[in-house]
Amino acid sequence: MKKVWVYLVLILLSLFVLGPFLWMLSTSVKPDAEVLSAIPHLFPEHWAFDNYAKAWASAPFARYFWNSFFVSALETVFDLTFGAMAAYAFARMEFFGKNVLFVALLATMMVPGEVLLIPNYITISTLNWLNTYPGLIVPWLVSVFTIFLMRQFFLGLPREVFEAAELDGCGPLRTLFGIIMPISKPIWITSALIKFVGAWNAFLWVLIIANSSDYYTLPVGLINFSSDVGTVYNQLMAAATFSVLPLIVLFLFGQRYFIEGIARSGIK
Amino acid sequence: MKKRWLATGAAVVLSTTLVAGCGGQAPGNAANTSGNATAGTAPAGQVTITFYEAMPGALGDELKKLTDQFQQQNPNIKVELVYNGSYTTQKQKLTAAIAAHKPPTLAQVQETWETEYYNNGLLQPVQDLLPKETVDDLIQIWKDDNSYDGKLVSVPFNKSAYVLFYNPDDFAKAGITKPPATWDELEQDAIQITKATGIPGLAFQGNYYTFEMLLRQAGGKVLTDDQKQAAFGDDAGKKALSFMRKLVIDDKAATAIGGNAYLSDGFNTHKYAMDLDSTASMSFIKNVKFKVAPLPGDVQKAVPTAGTNIVLFKDATPEQQQAAAKYLDFLISKDNTIEWAKATGYLPVRKSALDDPAWKAVVSQNPNLGVAPGELENAYFSPRLAELYSGQNDVTTQIGNMLAGKQSVDDTLKKSVDAITQALAGK
């Protein structure tokens with residue numbers, strides 16, 4: 001009986017969470033006349049699937065897809081590599097000022113991104129990287145959160161694993177990438193998902209750095225549908241739908257590890 | 001079994017990302033050759049200018065069309081359109097570019113930013129770069145709006161004015177035969193429609209800008225002539241606020257909508273029968289029949305204007321400045337300002353355009369487009385002071401409190417005057 005209640009609450013909560021998503025899908029297939037109808041319908045009276053074609057044609061979305069994918073993938077791969085190395089050092093190596101450095105690193109997470117926008121822009125512009133892939137990608141190759149997440153996980157691994165690797169003659173790099181990473185799958189898949197989703201959704205930096213649709217990503221593409229006097233809701237929702245599709249697929253693949261990763265990182 | 005499948009899946013995802021990482025190098029390198037904001041004089045005689053713009057969707061398509069025509073006529077000039085989304089994101093991008101000393105050649109700006117840039121010496125006035133007949137042909141309100149210290153600094157581009165939108169079916173139901181021309185008529189019509197149809201007769205933005213409009217219609221002004229002090233703590237200010245409050249609270253015939261909502265969305269869904277909105281909203285009203293009429297007035301007529309101007313940055317080379325001036329002159333040529341207005345619902349910016357047979361043909365086809373140009377002799381623009389911004393936000397809050405019935409007209413007026421006074425003092 002108690003279980004029924006639990007399920008009931010969970011179902012209600014998931015409807016609550018899914019609501020906006022369903023509304024996005026619903027609006028994306030409504031004709032103009034029904035988008036803002038006074039009595040809202042979940043299912044349109046006339047289905048307008050051509051919103052997708054119109055939205056796709058209104059900007060070079062194929063290019064935006066490629067850019068989003070390329071930028072997010074590269075950022076994720078580098079973030080994992082650098083993050084794992086730094087986390088390994090902070091978790092298992094002894095060096096002068098280790099704790100101070102780690103705290104200093106964590107402190108940088110408190111600085112809001114907006115504050116760094118203009119200094120970073122000036123740096124990138126001085127390097128002549130405006131409107132280039134390096135300008136989009138390089139500032140985001142390392143994230144402190146990944147380092148933190150991985151360090152916590154590495155701390156929880158049995159000391160014997162590291163000692164055994166060392167006894168067998170592994171150096172730190174070999175230990176990390178040959179032994180530790182394969183048994184830390186949940187945590188790096190979690191980190192990768194967080195990073196990838198963050199990069200996929202990034203808006204302001206891309207908008208500021210890119211000057212042409214050659215370098216725009218999907219979120220920047222979405223601004224094509226609204227202006228100061230009105231928004232084309234149905235096409236915007238159609239574009240939003242095909243923009244999040246890859247993320248949903250990614251989540252379905254990585255979900256199990258994602259949950260495990262979050263659950264375990266806190267345990268010592 | 002399941003576990004293995006998932007692991008393989010994850011591996012596939014990761015490895016594709018790695019592959020993608022390698023395959024992407026080529027476009028990455030190609031990137032370095034495309035020019036940045038200020039460099040643009042490369043091959044012999046070829047000039048590149050960049051234009052930061054914020055024209056989405058169909059508006060953007062029309063701008064591209066005009067720009068392509070210009071480039072065909074001027075093969076030695078390349079115009080790079082950089083689309084930046086809303087005016088807010090446009091401003092953010094401009095702020096960053098200016099901080100890095102790499103502004104674009106041209107940019108669409110709102111008046112308050114323009115003042116800021118002008119005062120900081122960032123702009124190249126266009127008065128002497130444009131042909132005299134272009135400058136002289138600008139409609140007076142746009143000319144004033146684009147001039148500083150007696151010089152034309154920028155060019156009016158996507159300009160709009162406020163009109164009264166109304167639903168003719170609701171007018172018929174309420175037995176109203178002509179749109180209201182005065183505050184009294186507006187109020188009576190709103191009451192009648194509310195009675196006849198059950199929906200509010202009127203909607204307006206419950207914000208500073210609506211207040212400023214009513215204030216001016218009541219014969220008042222926002223600031224003293226030297227722009228140093230608030231000047232609306234008088235009867236006109238009180239009359240403007242009282243009118244808003246009466247419509248919403250006493251008559252229950254009007255609804256005030258909040259900051260982030262579009263008036264056109266509610267009109268479109270038939271939540272009200274009239275609203276006071278910019279002509280630029282016309283292209284977003286698709287569901288209901290609508291007509292537009294000149295804004296009603298009180299002691300006098302007063303019509304707010306909106307939209308952006310195009311500025312030229314000083315960092316541009318002399319060649320870029322010449323090319324940019326040529327492009328601007330093309331964008332607001334008589335034929336093109338008509339074409340632009342016809343396609344977008346914005347207003348022509350030249351006097352000669354309004355008398356042109358081509359424009360008259362456009363208006364006879366769509367009479368709604370002909371209303372706003374006729375009001376322009378009563379048009380105004382808000383004080384072009386960036387420092388007013390915080391004060392205007394405070395006034396909007398005070399008006400919200402008043403319309404929610406939480407605050408009297410007198411208190412609202414006093415607090416609003418204080419807010420503007422403090423904003424002017426830089427507090």
# chains A, B, ... in the order shown; residues from 1 in each chain; ligands from 1
$ residues_around --residues "Ile285 in chain B" --least-positions-apart "4" --cutoff "10 Å" --atoms "only C-alpha atoms" --output "ChimeraX atom specification"
/A:32-33,230 /B:264-269,281,289-290
$ interface_residues --of "chain A" --to "chain B" --cutoff "7 Å" --atoms "only C-alpha atoms" --output "JSON, numbers by chain"
{"A": [33, 36, 37, 38, 70, 73, 74, 118, 121, 122, 125, 130, 132, 133, 207, 208, 211, 212, 223, 224, 225, 226, 227, 228, 229, 230, 253, 254]}
$ atom_distance --atom1 "CA of Val29 in chain A" --atom2 "CA of Ala59 in chain A"
18.8 Å
$ select_by_dssp --residues "range 12-218 of chain A" --states "alpha helix (DSSP H)" --output "JSON, numbers by chain"
{"A": [12, 13, 14, 15, 16, 17, 18, 19, 20, 21, 22, 23, 24, 25, 26, 27, 28, 32, 33, 34, 35, 50, 51, 52, 53, 54, 55, 56, 57, 61, 62, 63, 64, 65, 66, 67, 68, 69, 70, 71, 72, 73, 74, 75, 76, 77, 78, 79, 80, 81, 82, 83, 84, 85, 86, 87, 88, 89, 90, 91, 92, 98, 99, 100, 101, 102, 103, 104, 105, 106, 107, 113, 114, 115, 116, 117, 118, 119, 120, 121, 122, 123, 124, 125, 126, 133, 134, 135, 136, 137, 144, 145, 146, 147, 148, 149, 150, 151, 152, 153, 154, 155, 156, 159, 160, 161, 162, 163, 164, 165, 166, 167, 172, 173, 174, 181, 182, 183, 185, 186, 187, 188, 189, 190, 191, 192, 193, 194, 195, 196, 197, 198, 199, 200, 201, 204, 205, 206, 207, 208, 209, 218]}
$ residues_around --residues "Ala239 in chain A" --least-positions-apart "4" --cutoff "9 Å" --atoms "only C-alpha atoms" --output "compact mmCIF listing (two decimals) with C-alpha atoms, in the first residue's frame"
# COMPACT_ATOMS: atom_id res chain seq x y z
CA SER A 28 5.88 22.34 -32.27
CA ASN A 51 6.80 23.65 -38.72
CA TYR A 52 9.84 21.39 -38.55
CA ALA A 55 12.24 25.90 -38.80
CA TRP A 56 15.01 23.79 -40.32
CA PHE A 61 20.79 24.23 -38.84
CA LEU A 218 22.20 25.35 -31.91
CA GLY A 221 20.33 29.34 -33.89
CA LEU A 222 17.22 29.39 -31.72
CA ASN A 234 5.67 26.90 -33.09
CA GLN A 235 8.84 27.05 -35.16
CA SER A 243 18.09 20.57 -30.85
CA VAL A 244 17.62 18.53 -27.68
$ closest_residue --among "B:Ala379, B:Leu138, B:Leu106, B:Ala404" --to "Thr305 in chain B" --atoms "only C-alpha atoms"
B:Ala379
$ residues_around --residues "range 244-246 of chain B" --least-positions-apart "5" --cutoff "8 Å" --atoms "only C-alpha atoms" --output "PyMOL selection string"
chain B and resi 251-252+402-403+409
$ write_last_selection --atoms "C-alpha atoms" --output "PDB file, in the first residue's frame"
ATOM      1  CA  ASP B 251     -13.897  50.900 -14.678  1.00  0.00           C
ATOM      2  CA  LYS B 252     -12.534  47.344 -14.813  1.00  0.00           C
ATOM      3  CA  MET B 402      -0.705  51.143  -8.023  1.00  0.00           C
ATOM      4  CA  LEU B 403      -2.539  49.011 -10.577  1.00  0.00           C
ATOM      5  CA  VAL B 409      -1.951  57.789  -7.121  1.00  0.00           C
TER       6      VAL B 409
END
$ decode --residues "range 235-377 of chain B" --atoms "C-alpha atoms" --output "short mmCIF file (atom, residue, chain, number, x, y, z; two decimals), in the first residue's frame"
data_model
loop_
_atom_site.label_atom_id
_atom_site.label_comp_id
_atom_site.auth_asym_id
_atom_site.auth_seq_id
_atom_site.Cartn_x
_atom_site.Cartn_y
_atom_site.Cartn_z
CA ASP B 235 -1.07 67.84 -12.39
CA ALA B 236 -0.23 66.22 -15.72
CA GLY B 237 1.67 63.43 -13.96
CA LYS B 238 -1.21 62.92 -11.59
CA LYS B 239 -3.72 62.93 -14.43
CA ALA B 240 -1.75 60.30 -16.36
CA LEU B 241 -1.49 57.93 -13.39
CA SER B 242 -5.13 58.51 -12.44
CA PHE B 243 -6.26 57.62 -15.94
CA MET B 244 -4.38 54.31 -15.84
CA ARG B 245 -5.75 53.49 -12.43
CA LYS B 246 -9.30 54.43 -13.36
CA LEU B 247 -9.31 52.27 -16.49
CA VAL B 248 -8.01 49.22 -14.67
CA ILE B 249 -9.43 49.46 -11.15
CA ASP B 250 -12.56 51.65 -11.19
CA ASP B 251 -13.90 50.90 -14.68
CA LYS B 252 -12.53 47.34 -14.81
CA ALA B 253 -12.36 47.96 -18.55
CA ALA B 254 -8.63 47.57 -19.13
CA THR B 255 -5.87 45.15 -18.30
CA ALA B 256 -2.22 46.05 -17.79
CA ILE B 257 0.27 43.44 -18.92
CA GLY B 258 3.70 42.81 -17.46
CA GLY B 259 7.19 43.50 -18.64
CA ASN B 260 8.09 40.37 -20.55
CA ALA B 261 4.76 39.71 -22.25
CA TYR B 262 3.93 40.84 -25.77
CA LEU B 263 0.74 42.87 -26.14
CA SER B 264 0.27 41.28 -29.55
CA ASP B 265 0.03 37.77 -28.03
CA GLY B 266 -3.02 38.69 -25.96
CA PHE B 267 -4.59 40.58 -28.85
CA ASN B 268 -3.94 37.61 -31.08
CA THR B 269 -5.76 35.26 -28.70
CA HIS B 270 -8.64 37.68 -28.26
CA LYS B 271 -8.00 38.36 -24.59
CA TYR B 272 -8.87 42.03 -25.18
CA ALA B 273 -10.32 44.14 -27.96
CA MET B 274 -7.92 47.11 -28.17
CA ASP B 275 -4.31 47.70 -27.31
CA LEU B 276 -1.71 50.44 -27.59
CA ASP B 277 1.25 48.88 -29.36
CA SER B 278 4.03 49.47 -31.85
CA THR B 279 3.34 49.11 -35.57
CA ALA B 280 6.10 46.51 -35.67
CA SER B 281 3.72 44.07 -33.93
CA MET B 282 1.42 43.89 -36.95
CA SER B 283 3.21 40.94 -38.52
CA PHE B 284 2.63 38.88 -35.36
CA ILE B 285 -1.16 39.22 -35.35
CA LYS B 286 -2.49 36.34 -37.40
CA ASN B 287 -5.48 34.88 -35.61
CA VAL B 288 -7.92 37.76 -35.33
CA LYS B 289 -9.08 40.58 -37.57
CA PHE B 290 -7.49 43.86 -36.65
CA LYS B 291 -7.41 47.48 -37.71
CA VAL B 292 -5.22 50.27 -36.50
CA ALA B 293 -6.04 53.92 -35.75
CA PRO B 294 -4.06 56.93 -34.55
CA LEU B 295 -3.42 57.01 -30.80
CA PRO B 296 -6.11 58.87 -28.86
CA GLY B 297 -4.93 62.08 -27.24
CA ASP B 298 -5.90 64.28 -24.34
CA VAL B 299 -4.72 67.90 -24.05
CA GLN B 300 -2.52 67.07 -27.00
CA LYS B 301 -1.51 64.13 -29.16
CA ALA B 302 1.72 62.37 -28.27
CA VAL B 303 3.00 59.29 -30.09
CA PRO B 304 5.91 57.19 -28.78
CA THR B 305 8.43 55.86 -31.27
CA ALA B 306 10.58 52.76 -31.07
CA GLY B 307 13.11 50.77 -33.06
CA THR B 308 16.80 51.27 -33.72
CA ASN B 309 19.28 53.53 -35.48
CA ILE B 310 22.44 52.47 -37.28
CA VAL B 311 25.70 53.93 -36.00
CA LEU B 312 29.14 54.03 -37.59
CA PHE B 313 32.14 53.42 -35.33
CA LYS B 314 35.17 55.69 -35.46
CA ASP B 315 37.64 52.78 -35.57
CA ALA B 316 36.64 52.09 -39.18
CA THR B 317 39.23 53.05 -41.82
CA PRO B 318 38.39 55.96 -44.16
CA GLU B 319 37.66 53.42 -46.93
CA GLN B 320 35.31 51.51 -44.63
CA GLN B 321 33.59 54.73 -43.61
CA GLN B 322 32.99 55.65 -47.25
CA ALA B 323 31.72 52.15 -48.02
CA ALA B 324 29.52 52.15 -44.92
CA ALA B 325 28.01 55.52 -45.84
CA LYS B 326 27.24 54.22 -49.30
CA TYR B 327 25.55 51.18 -47.79
CA LEU B 328 23.51 53.30 -45.35
CA ASP B 329 22.45 55.61 -48.15
CA PHE B 330 21.32 52.54 -50.07
CA LEU B 331 19.36 51.06 -47.14
CA ILE B 332 17.34 54.23 -46.66
CA SER B 333 17.03 55.25 -50.30
CA LYS B 334 13.48 56.22 -51.20
CA ASP B 335 12.76 52.93 -52.97
CA ASN B 336 14.36 50.76 -50.31
CA THR B 337 12.78 52.44 -47.31
CA ILE B 338 9.41 51.80 -49.01
CA GLU B 339 10.35 48.19 -49.77
CA TRP B 340 11.53 47.69 -46.17
CA ALA B 341 8.35 49.22 -44.72
CA LYS B 342 6.15 47.16 -46.98
CA ALA B 343 7.89 43.90 -46.02
CA THR B 344 8.25 44.49 -42.29
CA GLY B 345 5.60 46.89 -40.96
CA TYR B 346 8.27 49.41 -39.91
CA LEU B 347 7.88 52.97 -41.19
CA PRO B 348 9.48 54.73 -44.13
CA VAL B 349 12.11 57.17 -42.89
CA ARG B 350 12.09 59.68 -45.76
CA LYS B 351 9.62 62.46 -46.51
CA SER B 352 9.75 61.82 -50.25
CA ALA B 353 8.81 58.16 -49.67
CA LEU B 354 5.47 59.13 -48.13
CA ASP B 355 4.47 61.06 -51.26
CA ASP B 356 5.70 58.39 -53.63
CA PRO B 357 3.13 56.53 -55.76
CA ALA B 358 4.77 53.24 -54.78
CA TRP B 359 4.09 53.91 -51.08
CA LYS B 360 0.54 55.10 -51.83
CA ALA B 361 -0.06 51.83 -53.64
CA VAL B 362 1.21 49.92 -50.59
CA VAL B 363 -1.14 51.86 -48.31
CA SER B 364 -4.17 51.41 -50.55
CA GLN B 365 -3.55 47.68 -50.41
CA ASN B 366 -3.00 47.65 -46.67
CA PRO B 367 -4.55 50.74 -45.08
CA ASN B 368 -3.16 49.76 -41.66
CA LEU B 369 0.31 50.72 -42.88
CA GLY B 370 -0.83 54.25 -43.68
CA VAL B 371 -1.89 55.23 -40.16
CA ALA B 372 1.38 55.68 -38.29
CA PRO B 373 3.14 57.93 -40.83
CA GLY B 374 0.21 60.33 -40.47
CA GLU B 375 0.83 60.59 -36.72
CA LEU B 376 4.52 61.37 -36.93
CA GLU B 377 4.04 65.12 -36.53
#
